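**Student:** What follows is a structure written as structure tokens; I'll ask about it next.
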Amino acid sequence: MKKIAGILVGILLTSVGVTILKGSHIATGGTAGLALAGSYIFNMSFSQIFFLINVPFYVFSYFQMGIKFTLSTIASVSLLSFFTGIISSSSFIPYTFPAFIGLNIVSLYFAKKYNINPGKTTFLFDILVLSTGFYAVGLLAGLYSVLSVAVIGYIISINRNLSGSASAATGSTHSTATRKTAAASST
């Protein structure tokens, strides 16, 4: 129950954060960054684009990470999309923020399968996503986007060091074996 409550709080905080980034017209890394850039370029809601971007990762996750991990990922993405839609349409919060679920699945897979540090693969993905973000938001907002990725990376690093678990950094509920593999690959 404590773990579920923690995930829900994380989803709500992330929804508020996405709202702030969107209102500030700033991108970030991961699938959330792609969804933010897409929402700027195509004038669509973050929630719709974020949910759709993650669909291929559900399939990948099912075959590579297992059904339990996949179901928790689908639930997290769905709730994040839902809450971000509600928060961004509320009059009391004028902005929008992202989450980093889909590409983290690939990073965790590379950690499990090839013993590659997930932080390094996430960083490479974020460089590609931020390139899209620069196109979508311009140079100055793109620089703020880089700052947001650095801050998020720092927070994840602190969280990971405090918990000693990759699952705390991603907010996911994957198996003990996957957590141990991801934690071992980062050392």
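Starting from 1 in every chain, residues are counted up; chains themselves are A, B, ... following the order of the structure tokens, and ligands are numbered from 1 as listed.
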Residues within 12 Å of stretch 42-53 of chain A, please, as an MDAnalysis selection string. Count only C-alpha atoms; anything in the same chain fewer than 3 positions from it doesn't count.
**Tutor:** chainID A and resid 15 18:19 21:23 25 27 30:39 56:59 73:89 95:103 136
**Student:** Find the distance between atom CA of A:Tyr144 and atom CA of A:Pro118 and write it in Å to one decimal.
**Tutor:**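 Between atom CA of A:Tyr144 and atom CA of A:Pro118 the gap works out to 23.7 Å.
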**Student:** Which neighbours of A:Thr70 fall inside 8 Å, counting only C-alpha atoms, when residues of the same chain fewer than 5 positions from it are skipped, and could you give them as a ChimeraX atom specification?
**Tutor:** /A:58,61-62,65
**Student:** Would you export the selected residues with C-alpha atoms as a tab-separated table (two decimals), in the first residue's frame, please?
**Tutor:**
chain	number	residue	atom	x	y	z
A	58	TYR	CA	4.02	-1.38	-23.83
A	61	SER	CA	7.85	-4.08	-22.16
A	62	TYR	CA	5.51	-7.05	-22.34
A	65	MET	CA	10.16	-7.00	-18.89
**Student:** Tell me, in Å to one decimal, how far atom CA of A:Ser107 is from atom CA of A:Thr122.
**Tutor:** 6.1 Å
**Student:** I need the residue nearest A:Ile127 from this list: A:Gly29, A:Ser72, A:Ala111, A:Ala141. Use only C-alpha atoms for the distance.
**Tutor:**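 Of all the options, A:Gly29 lies closest to A:Ile127.
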